[in-house]
Amino acid sequence: MQNKAAQTFVELMDGADSNGTKIVGWKGSWDDGTSLGHQHWTFSPQSLLGREVHTILKANPYLRQDFKSYLSDGMYLILSRARLQAIWHNSGLDSRKWRSEIFDCDDFAFVYKAEVAKWGDDQFKADDFAIVCGVMFGTNATQGHAYNWMIDPEDHSSIVFFEPQENTFKVNPGYDAYFGVF
């Protein structure tokens, strides 16, 4: 397969045809029989199935054993940290201040989740997938808190937590989650 505009070729690695086979490519022309000077690249999946997300959730040490979640979608797109932070910057949350009850942690978390969904609605014309960005409710020894979470875009095998009041990512949110939606 060749991208005519970029003159870039692509094929399945080693001619394999099984699910999960890497795609490789190089820059060249149809009559170029050598690989000298060609650029090689690979693609990696940027999505997970809902059951895979659930498995990753269950393995996280910052979720209580009795953690409950609401799972509603079958396919989830994973966004980069840079994209997630850009969505936060464009959301207006940076100008919002925490206010007791009227605009506190759960409001920040749900507004951010909605902003991610709105961004996806504006960007993508296809249906039948969601962007993985959820809300969790957790407690520690002194208080409860709501915050966001997503699949770590670096490795797709763990959760990263997001503090929507500060635009920061955390591996340990400082709370043990008991409920989540995504």
# chains A, B, ... in the order shown; residues from 1 in each chain; ligands from 1
>>> residues_around(residues="A:Arg96", least_positions_apart="5", cutoff="12 Å", atoms="only C-alpha atoms", output="list in words")
Trp88, His89, Ser91, Ile102, Phe103, Asp104, Cys105, Asp107, Phe108, Val111, Tyr112, Pro164, Gln165 and Glu166 of chain A
>>> residues_around(residues="A:Val135", least_positions_apart="5", cutoff="6 Å", atoms="only C-alpha atoms", output="short mmCIF file (atom, residue, chain, number, x, y, z; two decimals) with C-alpha atoms, in the first residue's frame")
data_model
loop_
_atom_site.label_atom_id
_atom_site.label_comp_id
_atom_site.auth_asym_id
_atom_site.auth_seq_id
_atom_site.Cartn_x
_atom_site.Cartn_y
_atom_site.Cartn_z
CA TYR A 147 -11.02 13.40 40.22
CA ASN A 148 -10.58 12.14 36.69
CA GLY A 180 -16.16 5.43 39.00
CA VAL A 181 -17.94 6.32 35.78
#
>>> residues_around(residues="stretch 156-163 of chain A", least_positions_apart="4", cutoff="10 Å", atoms="only C-alpha atoms", output="ChimeraX atom specification")
/A:45-48,52-53,55-57,59-62,78,81,84-85,105,108-109,112,133-136,146-152,167-174
>>> atom_distance(atom1="atom CA of A:Val132", atom2="atom CA of A:Phe67")
18.0 Å
